[in-house]
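This report refers to the structure that appears directly beneath it.
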Amino acid sequence: MMSSDAMEPRIVVLASGSGSNLQALIENTQSVGFPGRIVAVGCNRPGAFALERAEQAGIETFLVDHQQYSSREDFDRQLRQTIDRYSPDLLVLAGFMRILTPDFVRAFHCRMLNIHPSLLPKYRGLNTHQRALDDGEPLHGVTVHFVTEELDGGPLIAQAEVSVDPQDTAASLAEKVRAKEHLLYPIVVRWFCEGRLKLAGNQVRFDDLPLREALRLPVDLNS
Ligand code: GAR
């Protein structure tokens, strides 16, 4: 149990777009008793709404515009230097749509989380909702995982499911999944901040026990 603000885990969130997951994280971390604090929000796209959300919440922001860098390595180096200024205990990717270099990933090993809109290992990459529909999946959902060098391939932590209904479109499915994301991500971030969630080697440990498979959370808007 952390005893003072100074001891609270420091969280940096990276986002690229609308930042609805960021908003859910802001609301949770700013509620009384949350065991961690967002110290900065970073973005790679000028004008992204995520930046505005952070500013409105009184959180420091930074922009590292990927278009200003001639290589992925240069961009990642600058991003890493900027993040390091905030000495984060946890780096949270919340719709951060950049592939990160191995050096960057190694620098934040064991302390970087990502949220991905599918039941990984199914549907890594983009257009997950349409691909799930095209395959006639009865279930779809969201996964939170530790980030490793393998794109969308890091050790799984937790998942939440949605049913795929006959009338679903990619847009309606995205909306259902997004609602689950907003509930699931703050829960996992809280676990990390409480010290309940760790990555040891390539093994997720939860409450000091190895996690054999992703936790399936029945996060429900109505509960
Ligand atoms: C979310 O659906 C998130 O799962 C996805 O981007 C969206 C961001 O929405 N992330 C990825 O696809 C990462 N591979 P938001 O900006 O409203 O939070």
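By convention here, the chains of the structure tokens are called A, B, ... in the order presented, each chain's residues are numbered starting at 1, and ligands are numbered starting at 1 in the order presented.
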Once you count only C-alpha atoms and all ligand atoms, which residues end up within 6 Å of ligand 1, and could you hand them over as a PyMOL selection string? chain A and resi 17-22+94-95+97+115-117+125+178
Write out the residues from the selection above, keeping all heavy atoms, as a tab-separated table (two decimals), in the first residue's frame.
chain	number	residue	atom	x	y	z
A	17	GLY	N	-5.51	9.29	-30.92
A	17	GLY	CA	-6.75	9.75	-31.55
A	17	GLY	C	-7.73	10.37	-30.60
A	17	GLY	O	-7.41	11.30	-29.86
A	18	SER	N	-8.94	9.81	-30.58
A	18	SER	CA	-10.02	10.45	-29.83
A	18	SER	C	-9.80	10.37	-28.32
A	18	SER	O	-10.25	11.22	-27.58
A	18	SER	CB	-11.36	9.81	-30.21
A	18	SER	OG	-11.74	8.88	-29.24
A	19	GLY	N	-9.14	9.32	-27.88
A	19	GLY	CA	-8.79	9.25	-26.47
A	19	GLY	C	-9.94	8.88	-25.55
A	19	GLY	O	-9.95	9.28	-24.38
A	20	SER	N	-10.87	8.08	-26.04
A	20	SER	CA	-11.97	7.70	-25.13
A	20	SER	C	-11.46	6.78	-24.02
A	20	SER	O	-11.94	6.85	-22.89
A	20	SER	CB	-13.14	7.06	-25.90
A	20	SER	OG	-12.78	5.81	-26.41
A	21	ASN	N	-10.49	5.93	-24.32
A	21	ASN	CA	-9.89	5.11	-23.24
A	21	ASN	C	-9.13	5.99	-22.27
A	21	ASN	O	-9.16	5.76	-21.06
A	21	ASN	CB	-8.96	4.05	-23.83
A	21	ASN	CG	-9.72	2.82	-24.28
A	21	ASN	OD1	-10.15	2.03	-23.46
A	21	ASN	ND2	-9.93	2.71	-25.59
A	22	LEU	N	-8.44	6.98	-22.80
A	22	LEU	CA	-7.75	7.93	-21.92
A	22	LEU	C	-8.75	8.56	-20.97
A	22	LEU	O	-8.49	8.69	-19.77
A	22	LEU	CB	-7.06	9.00	-22.78
A	22	LEU	CG	-6.58	10.22	-22.00
A	22	LEU	CD1	-5.43	9.85	-21.08
A	22	LEU	CD2	-6.16	11.34	-22.95
A	94	ALA	N	-2.95	3.75	-25.04
A	94	ALA	CA	-4.42	3.82	-25.11
A	94	ALA	C	-4.80	4.32	-26.50
A	94	ALA	O	-5.01	5.51	-26.70
A	94	ALA	CB	-4.95	4.74	-24.02
A	95	GLY	N	-4.82	3.39	-27.44
A	95	GLY	CA	-5.07	3.80	-28.83
A	95	GLY	C	-3.88	4.54	-29.41
A	95	GLY	O	-4.05	5.50	-30.14
A	97	MET	N	-1.32	4.49	-32.04
A	97	MET	CA	-1.29	3.73	-33.28
A	97	MET	C	0.08	3.82	-33.98
A	97	MET	O	0.18	4.20	-35.14
A	97	MET	CB	-2.43	4.21	-34.20
A	97	MET	CG	-3.79	4.13	-33.56
A	97	MET	SD	-4.21	2.51	-32.85
A	97	MET	CE	-4.80	1.69	-34.32
A	115	ILE	N	-3.95	-1.89	-24.96
A	115	ILE	CA	-5.31	-2.43	-25.11
A	115	ILE	C	-5.54	-2.65	-26.60
A	115	ILE	O	-5.19	-1.81	-27.43
A	115	ILE	CB	-6.37	-1.50	-24.49
A	115	ILE	CG1	-7.70	-2.22	-24.41
A	115	ILE	CG2	-6.49	-0.16	-25.21
A	115	ILE	CD1	-8.67	-1.65	-23.38
A	116	HIS	N	-6.12	-3.80	-26.90
A	116	HIS	CA	-6.30	-4.16	-28.31
A	116	HIS	C	-7.74	-4.66	-28.52
A	116	HIS	O	-8.23	-5.48	-27.74
A	116	HIS	CB	-5.30	-5.25	-28.72
A	116	HIS	CG	-5.42	-5.61	-30.16
A	116	HIS	ND1	-4.90	-4.81	-31.17
A	116	HIS	CD2	-6.02	-6.64	-30.78
A	116	HIS	CE1	-5.17	-5.36	-32.35
A	116	HIS	NE2	-5.85	-6.47	-32.14
A	117	PRO	N	-8.39	-4.18	-29.60
A	117	PRO	CA	-9.81	-4.50	-29.76
A	117	PRO	C	-10.07	-5.85	-30.42
A	117	PRO	O	-10.68	-5.93	-31.49
A	117	PRO	CB	-10.32	-3.33	-30.63
A	117	PRO	CG	-9.13	-2.93	-31.44
A	117	PRO	CD	-7.92	-3.21	-30.60
A	125	GLY	N	-3.36	-6.63	-35.20
A	125	GLY	CA	-3.34	-5.62	-36.27
A	125	GLY	C	-4.62	-4.82	-36.35
A	125	GLY	O	-5.29	-4.61	-35.34
A	178	ARG	N	-15.76	-0.94	-27.41
A	178	ARG	CA	-15.24	0.27	-26.77
A	178	ARG	C	-15.82	0.42	-25.35
A	178	ARG	O	-15.12	0.77	-24.41
A	178	ARG	CB	-15.62	1.49	-27.63
A	178	ARG	CG	-14.79	2.75	-27.45
A	178	ARG	CD	-13.39	2.64	-27.98
A	178	ARG	NE	-13.33	2.39	-29.41
A	178	ARG	CZ	-13.26	3.32	-30.36
A	178	ARG	NH1	-13.29	4.58	-30.05
A	178	ARG	NH2	-13.16	2.98	-31.63
Please give the complete set of residues from segment 188-219 of chain A that DSSP, run on the backbone, assigns to helix (DSSP H, G or I), formatted as an MDAnalysis selection string. chainID A and resid 188:193
As number ranges by chain, please: every residue in segment 53-198 of chain A that DSSP puts in strand (DSSP E). A: 61-63, 90-93, 112-116, 139-146, 156-163, 197-198
Requested write-out: C-alpha atoms of the selected residues, as a PDB file, in the first residue's frame:
ATOM      1  CA  THR A  61       0.687  16.873 -22.253  1.00  0.00           C
ATOM      2  CA  PHE A  62       3.436  16.461 -24.804  1.00  0.00           C
ATOM      3  CA  LEU A  63       3.439  16.013 -28.543  1.00  0.00           C
ATOM      4  CA  LEU A  90       3.848   2.519 -15.925  1.00  0.00           C
ATOM      5  CA  LEU A  91       3.414   3.404 -19.587  1.00  0.00           C
ATOM      6  CA  VAL A  92      -0.120   2.887 -20.868  1.00  0.00           C
ATOM      7  CA  LEU A  93      -0.830   2.693 -24.585  1.00  0.00           C
ATOM      8  CA  MET A 112       4.071  -1.068 -20.589  1.00  0.00           C
ATOM      9  CA  LEU A 113       0.442  -2.076 -21.203  1.00  0.00           C
ATOM     10  CA  ASN A 114      -1.628  -2.033 -24.372  1.00  0.00           C
ATOM     11  CA  ILE A 115      -5.310  -2.429 -25.114  1.00  0.00           C
ATOM     12  CA  HIS A 116      -6.303  -4.160 -28.313  1.00  0.00           C
ATOM     13  CA  LEU A 139     -17.858 -13.704 -29.822  1.00  0.00           C
ATOM     14  CA  HIS A 140     -15.498 -10.758 -30.051  1.00  0.00           C
ATOM     15  CA  GLY A 141     -13.983  -8.438 -27.481  1.00  0.00           C
ATOM     16  CA  VAL A 142     -10.992  -6.673 -26.037  1.00  0.00           C
ATOM     17  CA  THR A 143      -7.653  -7.671 -24.554  1.00  0.00           C
ATOM     18  CA  VAL A 144      -5.199  -5.901 -22.264  1.00  0.00           C
ATOM     19  CA  HIS A 145      -1.652  -7.227 -22.460  1.00  0.00           C
ATOM     20  CA  PHE A 146       1.921  -6.413 -21.593  1.00  0.00           C
ATOM     21  CA  LEU A 156      -2.191 -11.525 -22.093  1.00  0.00           C
ATOM     22  CA  ILE A 157      -3.621 -10.139 -18.861  1.00  0.00           C
ATOM     23  CA  ALA A 158      -7.370  -9.745 -19.147  1.00  0.00           C
ATOM     24  CA  GLN A 159     -10.158  -9.914 -21.686  1.00  0.00           C
ATOM     25  CA  ALA A 160     -13.808  -8.955 -21.893  1.00  0.00           C
ATOM     26  CA  GLU A 161     -16.199 -10.434 -24.435  1.00  0.00           C
ATOM     27  CA  VAL A 162     -19.088  -9.103 -26.464  1.00  0.00           C
ATOM     28  CA  SER A 163     -21.535 -11.173 -28.465  1.00  0.00           C
ATOM     29  CA  LEU A 197       0.138  -7.545 -11.563  1.00  0.00           C
ATOM     30  CA  LYS A 198       3.684  -8.199 -12.721  1.00  0.00           C
TER      31      LYS A 198
END
Measure the distance from atom CA of Val105 of chain A to atom CA of Asp208 of chain A in Å and round it to one decimal.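 For atom CA of Val105 of chain A relative to atom CA of Asp208 of chain A, the distance reads 23.8 Å.
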How many Å separate atom CA of Glu213 of chain A from atom CA of Pro186 of chain A?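 Separating atom CA of Glu213 of chain A from atom CA of Pro186 of chain A is a distance of 19.6 Å.
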Pick from A:Arg53, A:His129, A:His66, A:His109: nearest to Ala24 of chain A, with only C-alpha atoms counted?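 Among the listed residues, A:Arg53 lies closest to Ala24 of chain A.
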Skipping near chain neighbours, those fewer than 6 positions away, what residues fall within 9 Å of Leu133 of chain A using only C-alpha atoms, listed as a VMD selection string? chain A and resid 140 164 168 to 170 173
Those same residues - N, CA and C atoms - I'd like them written as a PDB file, in the first residue's frame.
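Below is the file out-v3.pdb, written as the result:
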ATOM      1  N   HIS A 140     -16.602 -11.659 -29.729  1.00  0.00           N
ATOM      2  CA  HIS A 140     -15.498 -10.758 -30.051  1.00  0.00           C
ATOM      3  C   HIS A 140     -15.184 -10.037 -28.744  1.00  0.00           C
ATOM      4  N   VAL A 164     -21.481 -11.222 -30.878  1.00  0.00           N
ATOM      5  CA  VAL A 164     -21.664 -10.663 -32.218  1.00  0.00           C
ATOM      6  C   VAL A 164     -23.068 -11.058 -32.665  1.00  0.00           C
ATOM      7  N   ASP A 168     -25.173  -6.815 -36.332  1.00  0.00           N
ATOM      8  CA  ASP A 168     -23.967  -6.011 -36.062  1.00  0.00           C
ATOM      9  C   ASP A 168     -23.239  -5.605 -37.339  1.00  0.00           C
ATOM     10  N   THR A 169     -22.705  -4.385 -37.307  1.00  0.00           N
ATOM     11  CA  THR A 169     -21.796  -3.894 -38.346  1.00  0.00           C
ATOM     12  C   THR A 169     -20.457  -3.660 -37.647  1.00  0.00           C
ATOM     13  N   ALA A 170     -19.438  -3.356 -38.433  1.00  0.00           N
ATOM     14  CA  ALA A 170     -18.132  -3.074 -37.817  1.00  0.00           C
ATOM     15  C   ALA A 170     -18.273  -1.910 -36.833  1.00  0.00           C
ATOM     16  N   LEU A 173     -20.150  -3.008 -33.627  1.00  0.00           N
ATOM     17  CA  LEU A 173     -19.275  -3.887 -32.849  1.00  0.00           C
ATOM     18  C   LEU A 173     -18.179  -3.068 -32.160  1.00  0.00           C
TER      19      LEU A 173
END
So that I can see what lies close to Pro155 of chain A, please list as an MDAnalysis selection string the residues with an atom at most 8 Å from it, counting only C-alpha atoms and leaving out residues fewer than 5 positions away in the same chain. chainID A and resid 145:148 202:204
